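Trainee: Before anything else, here's the structure in question.
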Amino acid sequence: MAEVRLDRITVQYGKKTAIEDFSLHVRDGECLTLLGPSPCGKTTVLRAIAGLTKLCSGEVTIGSRVVASRDRKIFIPPEKRNVGVVFQDYAVWPHMTVEANVLYPLKKRNVPRKEAKEQVNDVLRQVRMADYAARLPFQLSGGQQQRVALARALVASQDVVILDEPLTNLDANLREEMRFEIKRLQNETGITVIYVTHDQDIALVISDRIAVMDKTGSIRQLGAPEELCGNPADSFVYRFLGLSNFIPVEIVDGEMWVRDIAGAGGGADTEPTSFPYPVPAGMHNRQFYAACRPMDIAMSRDGADGGAATCGTCGTCWTHGTCGTHGTHGPGETRESLRGRVARVIYLGNIYEYRVRVGGIEIRVQQDSHEAFKGSTFCEGDVCALSIKDIRYYEDVEEVS
Amino acid sequence: MRAGQSLRGSELRRMEGSRFNTGQLLLVISTIILVITVVLPVAMIVYNVFFYNWSFDWSLFASMLTDPDNLAAMWNTVKISFFVTTLGTVVGLFFAWLIGRSDIPLKGLMKSLFVIPYMFPPFIGAMAWGLLLAPRAGYINKMFMALTGGRTPLFNINTLAGIVFVELCYYFPFVFIQVSGALERMDPTLEESARIAGANQLTVIRRITMPLVVPAIAAGAMLILISSLSHFGVPAILGFSNGIFTLPTKIYELIYRASGSFEGIRQGASLSILLVAVVVLALALQRRVLRTGRYDIIRGKSMRPMLIKLRGWKAPLLAVCFVFLIVTVILPLFTIFGVGFLKAYGVPMKLANMTLNNFKYVLFESRMARDAIRNSFFLSITSAVITMLVGTMIAYVIVKIQPRGKGVLEVLGILPYSIPGIVLAVGVILTWSGAFYLNLYNTIWIILIAYIARYMAFSMKSASASLEQVHDSLEEASRTCGASHFESLLDVTLPLIRPGMVAGFFLIFLPAMRELTTSLLLYGPFTRTMGVAIYSINEEGYTVQACALAGVAIIIIVIGELILRFVTRERRGQ
Ligand SMILES: Nc1ncnc2c1ncn2[C@@H]1O[C@H](COP(=O)(O)OP(=O)(O)OP(=O)(O)O)[C@@H](O)[C@H]1O
Ligand SMILES: [Mg+2]
């Protein structure tokens, strides 16, 4: 159990700077995930903590001990840092049995043989590898090797364990199982876990906090999963946390319109499309982006179930929130729909994905297959109405990688 | 808080302030060893040729260069290696292709038979061919003259052509082995897809197969070229009697004739510089001719290659293979052992003329032969162990630690590759006979030093290859498990490269057992090696005893070779 502090560290490989001025505080006993595109320097951060890379500047503290500091000329070698590591390529020693692999850290610490054996048996049971103790690594599958590496790291340190993309080679079921397993082990032992991945699904499940890194290696947002999902700091974080649509909009006459991006629009669709939602406050420019998740868009033929595309009272079509007969509908009272045409239908098993052409742009919409079958599925060319929940507005959109 | 936290103050200070870690220490040691064993001899040659009494003196080199005898020797060297390289490449390529890409039968057997000449010490082969084709006394020539009743021999082996022929027999496997390997590793789907695309068989060979094997051909041809340029044994045994000299044999002759006087050594050193210049020039020229890119396509597991149907040619080509094998392997082997059993050289090979006395003599009676066998074992084992350990250490520095300046190490390490054995021997004499307060001349240690310098490149290369298989993270994992750098080397890296190290040991032990060139210049009264003993017994005219000792050497080498195969097979199985 120990906290880990990185204070403005910089690491270079030769002339190339991998991370610069990077600071991070991992609390005692938490599971913190470094989430970022590849290669943004995640492994480099982890190597700096474990002592496998020297710093060019900055300071690393584990517990109450400064383990690396350029200014103070401190460099504690990896074997004295007491940090367990699961490497990206497992690094299970091919000439030792599973048991010998896991026993090794205890041997180096001079734990009495009997006690060490018990500990190894325990941890092998925890990662469900007890039956394979006598095997050599080449007789194991990739996933099993990863579990051996995990067991070895857990034995190596009771303070801090770092896992570098440890679940990537497992099949979906095993991955699911292992991520809860890691969570459980962490809860039981209270060990500090630093988890490195580019897979946001795992990150959201496993972490107490997530640090989202961008491709330059700086942290964009640090917070609990709920916080990140509920309140992404910028479009990069929003985009990284899941599938997303960024709809370019602009304000004309106090109302939002879907901007026609040059070249993207079809010739027939040149007439301006309204983006019928309340104008957000606090945007600096007239042009910006509306972001939404494909799962948060409801689709209907006439707008009947996503709010009304027709006036609820008279049934005639209206535009811009005004019905000729009944006057202006108040804001929030009605939700006007975005109209579009289905351009492509993709069946993804439990999900139907539609590409809907709205104005000059294409919006991804996902529907639960179950729900979709209850209603009716759409075909290419169908006209439909979209209503969007949970829209966020960003001034610009960044590429993720 | 456990283990790591309870550091003693001194330990902590040492780590904090330590600017000198294991890696840098290894780098310094490696550099020092390479400088002493490799750079110093070369520097001493250059110094002694161009400086006399501490002042620049160019006259010796100039006079050596203008001597017609030396120029003739140089010309012979160039001619021999040109023909050996071209013919050897053609022969090696032909057999590699026949076995790798045609439907000729008995492939497995032939593949192992074709590498036998590679193990055969060329100078013993030269002895055998001398016994068979010496103009008057050779068995085949005698038979031929008896048949024709004439006085003209079938073929005189004591000529340039004879030397080329014998060297060719033992050097073509370089290309054969390289090209066979490339053909095996080549992805046959490339050829198949070209066939499907409509190319005919010849086009496929020309456009797809050849470009892919050219790098292998170039590598093999380079080995032949270097080896034949610096080769001593064959021209020494076949050429001396007829006054044919090459640069290496001329260097030997100059030093030998001067019986160790300094002037003779200086003359030999001058020719050494000339020889190195020829080698470097030839390599540069060859690189231009066979300019090769890097072909990454030679990779991946081999599947079933497309085999070319020989049809009616099958039987004749098979016959060619067997005749070739009989000529290069069986005949010399048979001759050496046959003559080794004879009561006297020249008597007909009949059972009545056979005796075990020669073997008894070299194994139990001759002090000189027994010493030679013992010395060879001592030198080969010691140099193999030292070179393997040091080579592994240097390779570790280059591959794993990668310090600044590792390029220097790499260059120093492969330098001996292009330095002929005879030149190295001259340099070792100049360095270790008193120039630096240490006179090892006439002791076994001077030979040991020469062997170490000579075989360092072998061991570095084989150790680098096995270290590259060991991923960095394996050692890093053990560091994070609490092992120091040294402990992780011991617990993880060394066990993983051990099979490679054992193979590396034999890769040095075997050539060292049959070494002739350097030992011949460096041996003293009691430090003959097996090669030297065979050579000098043969020169003194005790042919049957020389053959018996050669037979013993061959048996030892074959056993070593079998062990090597066993070791490398086991590694592949893992
Ligand atoms: N040993 C090295 N030498 C030189 N450059 C390196 C080295 N290791 C990493 N880099 C560079 O540093 C940058 C960061 O690499 P790092 O391995 O930390 O990325 P990562 O975020 O872990 O990527 P991934 O998700 O693919 O594992 C990369 O651009 C990489 O090329
Ligand atoms: Mg990584």
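Ordered as shown in the structure tokens, chains take letters A, B, and onward, while each chain numbers its residues from 1 and ligands are numbered from 1 in the order shown.
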Once DSSP has gone over the backbone, tell me which residues of segment 21-71 of chain B are in strand (DSSP E), as a ChimeraX atom specification.
Mentor: /B:51-52,55-56
Trainee: Dump as a PyMOL selection string the residues of chain B that approach chain A to within 6 Å, counting only C-alpha atoms.
Mentor: chain B and resi 4+16+473-474+479-484
Trainee: Enumerate as a VMD selection string the residues within 12 Å of ligand 1, counting only C-alpha atoms and all ligand atoms.
Mentor: (chain A and resid 10 to 20 34 to 48 52 to 54 87 to 89 163 to 166 168 195 to 199 212 to 218 401) or (chain B and resid 400 to 402 472 to 473)
Trainee: Need to verify the contact set: Lys183 of chain A, 10 Å, only C-alpha atoms, exclusion of same-chain residues closer than 6 positions in sequence. Can you return it as JSON, numbers by chain?
Mentor: {"A": [31, 193, 205, 206, 207, 208]}
Trainee: Take the selection from the previous step and output its residues with C-alpha atoms, as a PDB file, in the first residue's frame.
Mentor:
```pdb
ATOM      1  CA  CYS A  31      -7.019   1.723  -9.013  1.00  0.00           C
ATOM      2  CA  VAL A 193      -3.061  -0.517  -8.969  1.00  0.00           C
ATOM      3  CA  VAL A 205     -15.282  -0.890 -15.200  1.00  0.00           C
ATOM      4  CA  ILE A 206     -12.068  -1.321 -13.340  1.00  0.00           C
ATOM      5  CA  SER A 207     -10.969   2.119 -12.242  1.00  0.00           C
ATOM      6  CA  ASP A 208     -11.541   4.293  -9.252  1.00  0.00           C
TER       7      ASP A 208
END
```
Trainee: One number please: atom CA of Ala291 of chain A to atom CA of Ile346 of chain A, in Å, one decimal.
Mentor: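 Result for atom CA of Ala291 of chain A versus atom CA of Ile346 of chain A: 21.5 Å, one decimal.
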Trainee: Looking only at helix (DSSP H, G or I) from DSSP on the backbone, list the matching residues of segment 77-173 of chain A as a compact mmCIF listing (two decimals) with all heavy atoms, in the first residue's frame.
Mentor:
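New file part.txt:
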```txt
# COMPACT_ATOMS: atom_id res chain seq x y z
N PRO A 78 15.18 -0.73 -10.08
CA PRO A 78 13.86 -1.35 -10.05
C PRO A 78 13.71 -2.40 -8.95
O PRO A 78 12.64 -2.49 -8.35
CB PRO A 78 13.74 -2.00 -11.43
CG PRO A 78 15.01 -1.78 -12.13
CD PRO A 78 15.79 -0.76 -11.41
N GLU A 79 14.78 -3.16 -8.69
CA GLU A 79 14.63 -4.24 -7.72
C GLU A 79 14.42 -3.73 -6.30
O GLU A 79 13.98 -4.47 -5.44
CB GLU A 79 15.84 -5.18 -7.78
CG GLU A 79 17.18 -4.55 -7.42
CD GLU A 79 17.92 -4.02 -8.64
OE1 GLU A 79 17.26 -3.72 -9.65
OE2 GLU A 79 19.16 -3.89 -8.57
N LYS A 80 14.69 -2.46 -6.06
CA LYS A 80 14.52 -1.92 -4.71
C LYS A 80 13.26 -1.07 -4.60
O LYS A 80 13.03 -0.42 -3.59
CB LYS A 80 15.74 -1.07 -4.33
CG LYS A 80 17.06 -1.82 -4.48
CD LYS A 80 17.76 -1.97 -3.15
CE LYS A 80 18.77 -3.08 -3.15
NZ LYS A 80 20.10 -2.71 -3.56
N VAL A 98 5.43 -22.54 -14.34
CA VAL A 98 4.52 -21.53 -13.83
C VAL A 98 4.81 -21.26 -12.36
O VAL A 98 4.94 -20.12 -11.92
CB VAL A 98 3.06 -22.00 -14.01
CG1 VAL A 98 2.11 -21.13 -13.22
CG2 VAL A 98 2.70 -22.03 -15.48
N GLU A 99 4.99 -22.34 -11.60
CA GLU A 99 5.23 -22.19 -10.18
C GLU A 99 6.54 -21.45 -9.92
O GLU A 99 6.60 -20.53 -9.11
CB GLU A 99 5.26 -23.57 -9.53
CG GLU A 99 5.27 -23.48 -8.02
CD GLU A 99 5.27 -24.86 -7.39
OE1 GLU A 99 5.61 -25.84 -8.07
OE2 GLU A 99 4.93 -24.94 -6.20
N ALA A 100 7.58 -21.84 -10.65
CA ALA A 100 8.90 -21.21 -10.45
C ALA A 100 8.84 -19.73 -10.80
O ALA A 100 9.46 -18.90 -10.14
CB ALA A 100 9.94 -21.92 -11.30
N ASN A 101 8.08 -19.41 -11.85
CA ASN A 101 7.91 -18.01 -12.22
C ASN A 101 7.35 -17.20 -11.07
O ASN A 101 7.84 -16.12 -10.75
CB ASN A 101 6.96 -17.90 -13.41
CG ASN A 101 7.68 -17.76 -14.72
OD1 ASN A 101 8.17 -16.68 -15.05
ND2 ASN A 101 7.77 -18.85 -15.46
N VAL A 102 6.30 -17.74 -10.45
CA VAL A 102 5.62 -16.98 -9.42
C VAL A 102 6.41 -17.00 -8.10
O VAL A 102 6.35 -16.08 -7.30
CB VAL A 102 4.19 -17.52 -9.22
CG1 VAL A 102 3.43 -16.71 -8.19
CG2 VAL A 102 3.44 -17.50 -10.55
N LEU A 103 7.19 -18.08 -7.94
CA LEU A 103 7.98 -18.21 -6.72
C LEU A 103 9.17 -17.26 -6.71
O LEU A 103 9.65 -16.86 -5.64
CB LEU A 103 8.47 -19.66 -6.62
CG LEU A 103 8.93 -20.19 -5.25
CD1 LEU A 103 7.80 -20.10 -4.26
CD2 LEU A 103 9.39 -21.64 -5.40
N TYR A 104 9.63 -16.88 -7.89
CA TYR A 104 10.89 -16.14 -8.01
C TYR A 104 10.97 -14.87 -7.16
O TYR A 104 11.96 -14.68 -6.44
CB TYR A 104 11.14 -15.83 -9.49
CG TYR A 104 12.49 -15.23 -9.76
CD1 TYR A 104 13.62 -16.04 -9.84
CD2 TYR A 104 12.65 -13.87 -9.94
CE1 TYR A 104 14.87 -15.50 -10.09
CE2 TYR A 104 13.90 -13.32 -10.18
CZ TYR A 104 15.00 -14.14 -10.27
OH TYR A 104 16.23 -13.60 -10.51
N PRO A 105 9.95 -14.01 -7.19
CA PRO A 105 10.05 -12.79 -6.37
C PRO A 105 10.20 -13.09 -4.89
O PRO A 105 10.93 -12.40 -4.18
CB PRO A 105 8.73 -12.06 -6.62
CG PRO A 105 8.14 -12.69 -7.81
CD PRO A 105 8.71 -14.05 -7.96
N LEU A 106 9.55 -14.17 -4.44
CA LEU A 106 9.63 -14.52 -3.02
C LEU A 106 11.02 -15.04 -2.68
O LEU A 106 11.56 -14.77 -1.61
CB LEU A 106 8.57 -15.58 -2.68
CG LEU A 106 7.14 -15.11 -2.92
CD1 LEU A 106 6.16 -16.26 -2.74
CD2 LEU A 106 6.80 -13.97 -1.97
N LYS A 107 11.59 -15.78 -3.63
CA LYS A 107 12.94 -16.30 -3.44
C LYS A 107 13.91 -15.12 -3.30
O LYS A 107 14.79 -15.12 -2.46
CB LYS A 107 13.32 -17.17 -4.63
CG LYS A 107 14.04 -18.43 -4.23
CD LYS A 107 14.02 -19.48 -5.32
CE LYS A 107 14.97 -19.18 -6.44
NZ LYS A 107 14.81 -20.10 -7.57
N LYS A 108 13.73 -14.12 -4.11
CA LYS A 108 14.63 -12.97 -4.07
C LYS A 108 14.47 -12.20 -2.76
O LYS A 108 15.36 -11.48 -2.34
CB LYS A 108 14.36 -12.03 -5.25
CG LYS A 108 14.86 -12.55 -6.55
CD LYS A 108 16.38 -12.60 -6.59
CE LYS A 108 16.84 -13.86 -7.29
NZ LYS A 108 18.23 -14.17 -7.17
N ARG A 113 10.84 -21.10 2.51
CA ARG A 113 10.34 -21.93 1.42
C ARG A 113 8.87 -22.33 1.59
O ARG A 113 8.07 -22.22 0.66
CB ARG A 113 11.24 -23.16 1.32
CG ARG A 113 10.89 -24.09 0.23
CD ARG A 113 12.04 -24.22 -0.78
NE ARG A 113 11.55 -24.96 -1.94
CZ ARG A 113 11.49 -24.47 -3.16
NH1 ARG A 113 11.93 -23.27 -3.41
NH2 ARG A 113 11.00 -25.18 -4.15
N LYS A 114 8.54 -22.77 2.81
CA LYS A 114 7.20 -23.29 3.01
C LYS A 114 6.15 -22.18 2.87
O LYS A 114 5.14 -22.33 2.19
CB LYS A 114 7.12 -23.91 4.43
CG LYS A 114 5.97 -24.90 4.57
CD LYS A 114 6.20 -25.84 5.72
CE LYS A 114 4.88 -26.22 6.34
NZ LYS A 114 4.37 -25.25 7.32
N GLU A 115 6.47 -21.10 3.51
CA GLU A 115 5.57 -19.95 3.46
C GLU A 115 5.40 -19.46 2.02
O GLU A 115 4.29 -19.17 1.56
CB GLU A 115 6.21 -18.83 4.30
CG GLU A 115 5.27 -17.72 4.71
CD GLU A 115 6.06 -16.69 5.51
OE1 GLU A 115 6.77 -17.10 6.47
OE2 GLU A 115 6.00 -15.51 5.14
N ALA A 116 6.51 -19.43 1.30
CA ALA A 116 6.48 -18.97 -0.08
C ALA A 116 5.59 -19.86 -0.93
O ALA A 116 4.76 -19.39 -1.70
CB ALA A 116 7.90 -18.96 -0.65
N LYS A 117 5.75 -21.19 -0.72
CA LYS A 117 4.93 -22.14 -1.48
C LYS A 117 3.44 -21.88 -1.26
O LYS A 117 2.65 -21.89 -2.21
CB LYS A 117 5.26 -23.57 -1.04
CG LYS A 117 6.49 -24.13 -1.70
CD LYS A 117 6.10 -25.16 -2.73
CE LYS A 117 7.35 -25.72 -3.36
NZ LYS A 117 7.21 -26.38 -4.61
N GLU A 118 3.08 -21.68 0.00
CA GLU A 118 1.67 -21.44 0.31
C GLU A 118 1.16 -20.20 -0.40
O GLU A 118 0.09 -20.19 -1.01
CB GLU A 118 1.49 -21.27 1.82
CG GLU A 118 1.30 -22.59 2.53
CD GLU A 118 1.42 -22.42 4.04
OE1 GLU A 118 1.14 -21.31 4.53
OE2 GLU A 118 1.81 -23.41 4.70
N GLN A 119 2.00 -19.16 -0.33
CA GLN A 119 1.60 -17.90 -0.96
C GLN A 119 1.40 -18.08 -2.47
O GLN A 119 0.44 -17.57 -3.05
CB GLN A 119 2.69 -16.86 -0.70
CG GLN A 119 2.14 -15.45 -0.60
CD GLN A 119 3.24 -14.48 -0.21
OE1 GLN A 119 4.14 -14.81 0.55
NE2 GLN A 119 3.18 -13.28 -0.75
N VAL A 120 2.33 -18.85 -3.08
CA VAL A 120 2.23 -19.08 -4.51
C VAL A 120 0.96 -19.85 -4.84
O VAL A 120 0.22 -19.50 -5.77
CB VAL A 120 3.48 -19.85 -5.01
CG1 VAL A 120 3.26 -20.35 -6.43
CG2 VAL A 120 4.70 -18.96 -4.94
N ASN A 121 0.68 -20.89 -4.04
CA ASN A 121 -0.54 -21.65 -4.28
C ASN A 121 -1.77 -20.77 -4.18
O ASN A 121 -2.69 -20.86 -5.00
CB ASN A 121 -0.65 -22.80 -3.28
CG ASN A 121 0.33 -23.91 -3.62
OD1 ASN A 121 0.80 -23.98 -4.76
ND2 ASN A 121 0.65 -24.74 -2.65
N ASP A 122 -1.78 -19.90 -3.18
CA ASP A 122 -2.91 -18.99 -3.01
C ASP A 122 -3.13 -18.13 -4.23
O ASP A 122 -4.23 -18.07 -4.78
CB ASP A 122 -2.67 -18.06 -1.81
CG ASP A 122 -3.02 -18.76 -0.51
OD1 ASP A 122 -3.62 -19.86 -0.60
OD2 ASP A 122 -2.69 -18.22 0.56
N VAL A 123 -2.05 -17.50 -4.65
CA VAL A 123 -2.22 -16.54 -5.74
C VAL A 123 -2.53 -17.25 -7.05
O VAL A 123 -3.31 -16.77 -7.86
CB VAL A 123 -0.99 -15.61 -5.85
CG1 VAL A 123 0.17 -16.31 -6.47
CG2 VAL A 123 -1.34 -14.35 -6.63
N LEU A 124 -1.98 -18.45 -7.23
CA LEU A 124 -2.30 -19.20 -8.45
C LEU A 124 -3.77 -19.59 -8.45
O LEU A 124 -4.42 -19.61 -9.49
CB LEU A 124 -1.42 -20.45 -8.57
CG LEU A 124 0.00 -20.19 -9.08
CD1 LEU A 124 0.78 -21.51 -9.16
CD2 LEU A 124 -0.02 -19.52 -10.44
N ARG A 125 -4.29 -19.88 -7.26
CA ARG A 125 -5.71 -20.19 -7.19
C ARG A 125 -6.53 -18.94 -7.53
O ARG A 125 -7.51 -19.01 -8.25
CB ARG A 125 -6.06 -20.71 -5.79
CG ARG A 125 -7.13 -21.79 -5.83
CD ARG A 125 -7.30 -22.48 -4.49
NE ARG A 125 -6.07 -23.07 -3.99
CZ ARG A 125 -5.54 -22.78 -2.79
NH1 ARG A 125 -6.13 -21.91 -1.98
NH2 ARG A 125 -4.44 -23.37 -2.40
N GLN A 126 -6.05 -17.81 -7.03
CA GLN A 126 -6.78 -16.57 -7.31
C GLN A 126 -6.87 -16.26 -8.79
O GLN A 126 -7.88 -15.77 -9.28
CB GLN A 126 -6.10 -15.39 -6.59
CG GLN A 126 -6.51 -15.30 -5.14
CD GLN A 126 -5.77 -14.21 -4.42
OE1 GLN A 126 -4.65 -13.88 -4.78
NE2 GLN A 126 -6.39 -13.65 -3.41
N ALA A 130 -4.00 -22.72 -10.74
CA ALA A 130 -3.44 -23.71 -9.83
C ALA A 130 -3.19 -25.05 -10.51
O ALA A 130 -2.22 -25.73 -10.22
CB ALA A 130 -4.37 -23.89 -8.64
N ASP A 131 -4.03 -25.39 -11.47
CA ASP A 131 -3.87 -26.68 -12.14
C ASP A 131 -2.69 -26.72 -13.09
O ASP A 131 -2.33 -27.77 -13.61
CB ASP A 131 -5.14 -27.01 -12.94
CG ASP A 131 -6.32 -27.20 -12.01
OD1 ASP A 131 -6.07 -27.43 -10.81
OD2 ASP A 131 -7.46 -27.11 -12.48
N TYR A 132 -2.14 -25.55 -13.36
CA TYR A 132 -1.09 -25.50 -14.38
C TYR A 132 0.28 -25.25 -13.78
O TYR A 132 1.23 -24.96 -14.49
CB TYR A 132 -1.40 -24.39 -15.39
CG TYR A 132 -2.70 -24.60 -16.12
CD1 TYR A 132 -3.89 -24.08 -15.62
CD2 TYR A 132 -2.74 -25.33 -17.30
CE1 TYR A 132 -5.08 -24.27 -16.27
CE2 TYR A 132 -3.92 -25.53 -17.96
CZ TYR A 132 -5.10 -25.00 -17.45
OH TYR A 132 -6.27 -25.19 -18.12
N PRO A 137 5.83 -22.33 -19.78
CA PRO A 137 5.03 -21.31 -20.46
C PRO A 137 4.66 -21.66 -21.91
O PRO A 137 3.58 -21.29 -22.35
CB PRO A 137 5.95 -20.09 -20.43
CG PRO A 137 6.73 -20.26 -19.18
CD PRO A 137 6.96 -21.74 -19.05
N PHE A 138 5.54 -22.38 -22.63
CA PHE A 138 5.17 -22.64 -24.03
C PHE A 138 4.00 -23.60 -24.13
O PHE A 138 3.42 -23.75 -25.20
CB PHE A 138 6.38 -23.12 -24.85
CG PHE A 138 6.78 -24.54 -24.61
CD1 PHE A 138 6.23 -25.56 -25.39
CD2 PHE A 138 7.68 -24.88 -23.62
CE1 PHE A 138 6.59 -26.87 -25.18
CE2 PHE A 138 8.05 -26.18 -23.40
CZ PHE A 138 7.50 -27.19 -24.19
N GLN A 139 3.64 -24.22 -23.00
CA GLN A 139 2.47 -25.11 -23.02
C GLN A 139 1.19 -24.35 -22.65
O GLN A 139 0.16 -24.96 -22.49
CB GLN A 139 2.67 -26.25 -22.03
CG GLN A 139 3.88 -27.10 -22.35
CD GLN A 139 4.25 -28.03 -21.22
OE1 GLN A 139 4.46 -27.59 -20.10
NE2 GLN A 139 4.34 -29.32 -21.52
N GLY A 142 -1.92 -17.71 -24.65
CA GLY A 142 -1.56 -16.33 -24.35
C GLY A 142 -2.26 -15.81 -23.11
O GLY A 142 -1.66 -15.17 -22.25
N GLY A 143 -3.54 -16.11 -22.98
CA GLY A 143 -4.30 -15.64 -21.83
C GLY A 143 -3.79 -16.23 -20.53
O GLY A 143 -3.69 -15.55 -19.51
N GLN A 144 -3.42 -17.51 -20.59
CA GLN A 144 -2.90 -18.15 -19.38
C GLN A 144 -1.56 -17.55 -18.99
O GLN A 144 -1.28 -17.34 -17.80
CB GLN A 144 -2.78 -19.66 -19.61
CG GLN A 144 -4.13 -20.34 -19.71
CD GLN A 144 -4.01 -21.77 -20.17
OE1 GLN A 144 -3.17 -22.10 -20.99
NE2 GLN A 144 -4.88 -22.62 -19.65
N GLN A 145 -0.75 -17.24 -19.98
CA GLN A 145 0.54 -16.61 -19.67
C GLN A 145 0.31 -15.26 -19.00
O GLN A 145 1.03 -14.88 -18.08
CB GLN A 145 1.36 -16.42 -20.94
CG GLN A 145 1.82 -17.73 -21.53
CD GLN A 145 2.80 -17.52 -22.65
OE1 GLN A 145 3.52 -16.54 -22.70
NE2 GLN A 145 2.81 -18.45 -23.59
N GLN A 146 -0.69 -14.55 -19.47
CA GLN A 146 -0.97 -13.25 -18.87
C GLN A 146 -1.37 -13.40 -17.41
O GLN A 146 -0.98 -12.61 -16.56
CB GLN A 146 -2.09 -12.55 -19.64
CG GLN A 146 -1.52 -11.55 -20.60
CD GLN A 146 -2.55 -10.99 -21.52
OE1 GLN A 146 -3.62 -11.56 -21.71
NE2 GLN A 146 -2.24 -9.86 -22.11
N ARG A 147 -2.10 -14.47 -17.13
CA ARG A 147 -2.51 -14.67 -15.74
C ARG A 147 -1.33 -15.03 -14.86
O ARG A 147 -1.26 -14.65 -13.70
CB ARG A 147 -3.62 -15.72 -15.66
CG ARG A 147 -4.93 -15.12 -16.14
CD ARG A 147 -6.07 -16.03 -15.89
NE ARG A 147 -6.22 -16.99 -16.97
CZ ARG A 147 -7.00 -18.06 -16.89
NH1 ARG A 147 -7.65 -18.30 -15.78
NH2 ARG A 147 -7.10 -18.87 -17.91
N VAL A 148 -0.38 -15.78 -15.44
CA VAL A 148 0.83 -16.09 -14.69
C VAL A 148 1.58 -14.79 -14.38
O VAL A 148 2.04 -14.57 -13.25
CB VAL A 148 1.75 -17.05 -15.48
CG1 VAL A 148 3.06 -17.27 -14.73
CG2 VAL A 148 1.04 -18.37 -15.71
N ALA A 149 1.67 -13.93 -15.39
CA ALA A 149 2.37 -12.65 -15.19
C ALA A 149 1.68 -11.84 -14.11
O ALA A 149 2.33 -11.20 -13.27
CB ALA A 149 2.41 -11.88 -16.50
N LEU A 150 0.37 -11.89 -14.10
CA LEU A 150 -0.39 -11.15 -13.08
C LEU A 150 -0.10 -11.72 -11.70
O LEU A 150 0.16 -10.97 -10.74
CB LEU A 150 -1.89 -11.25 -13.41
CG LEU A 150 -2.84 -10.55 -12.46
CD1 LEU A 150 -2.55 -9.07 -12.42
CD2 LEU A 150 -4.29 -10.80 -12.88
N ALA A 151 -0.11 -13.05 -11.61
CA ALA A 151 0.17 -13.68 -10.32
C ALA A 151 1.56 -13.29 -9.83
O ALA A 151 1.76 -12.97 -8.66
CB ALA A 151 0.06 -15.20 -10.46
N ARG A 152 2.51 -13.29 -10.75
CA ARG A 152 3.88 -12.97 -10.37
C ARG A 152 3.98 -11.53 -9.87
O ARG A 152 4.66 -11.24 -8.88
CB ARG A 152 4.79 -13.18 -11.57
CG ARG A 152 6.25 -13.10 -11.25
CD ARG A 152 7.09 -13.35 -12.48
NE ARG A 152 6.83 -12.36 -13.51
CZ ARG A 152 7.29 -12.46 -14.75
NH1 ARG A 152 7.99 -13.51 -15.12
NH2 ARG A 152 7.03 -11.52 -15.63
N ALA A 153 3.29 -10.61 -10.53
CA ALA A 153 3.34 -9.22 -10.12
C ALA A 153 2.70 -9.02 -8.76
O ALA A 153 3.18 -8.26 -7.93
CB ALA A 153 2.65 -8.35 -11.16
N LEU A 154 1.61 -9.77 -8.51
CA LEU A 154 0.93 -9.63 -7.23
C LEU A 154 1.81 -10.15 -6.10
O LEU A 154 1.78 -9.63 -4.99
CB LEU A 154 -0.40 -10.41 -7.25
CG LEU A 154 -1.49 -9.78 -8.12
CD1 LEU A 154 -2.67 -10.73 -8.26
CD2 LEU A 154 -1.94 -8.46 -7.51
N VAL A 155 2.59 -11.18 -6.40
CA VAL A 155 3.49 -11.71 -5.39
C VAL A 155 4.67 -10.77 -5.17
O VAL A 155 5.18 -10.62 -4.07
CB VAL A 155 3.95 -13.12 -5.81
CG1 VAL A 155 5.16 -13.55 -5.02
CG2 VAL A 155 2.82 -14.11 -5.64
N ALA A 156 5.07 -10.13 -6.26
CA ALA A 156 6.28 -9.30 -6.19
C ALA A 156 6.10 -8.09 -5.28
O ALA A 156 7.05 -7.62 -4.68
CB ALA A 156 6.68 -8.84 -7.59
N ALA A 172 -13.29 -12.44 -25.11
CA ALA A 172 -14.22 -11.50 -24.48
C ALA A 172 -14.69 -11.98 -23.11
O ALA A 172 -14.71 -11.21 -22.15
CB ALA A 172 -15.40 -11.26 -25.39
N ASN A 173 -15.02 -13.28 -23.00
CA ASN A 173 -15.53 -13.78 -21.73
C ASN A 173 -14.49 -13.70 -20.64
O ASN A 173 -14.74 -13.25 -19.53
CB ASN A 173 -15.96 -15.24 -21.88
CG ASN A 173 -17.31 -15.33 -22.54
OD1 ASN A 173 -18.11 -14.41 -22.42
ND2 ASN A 173 -17.54 -16.42 -23.25
```
Trainee: Could you tell me how far atom CA of Val91 of chain B sits from atom CA of Val278 of chain B, in Å to one decimal place?
Mentor: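 Taking atom CA of Val278 of chain B as the start and atom CA of Val91 of chain B as the end point, the length is 24.6 Å.
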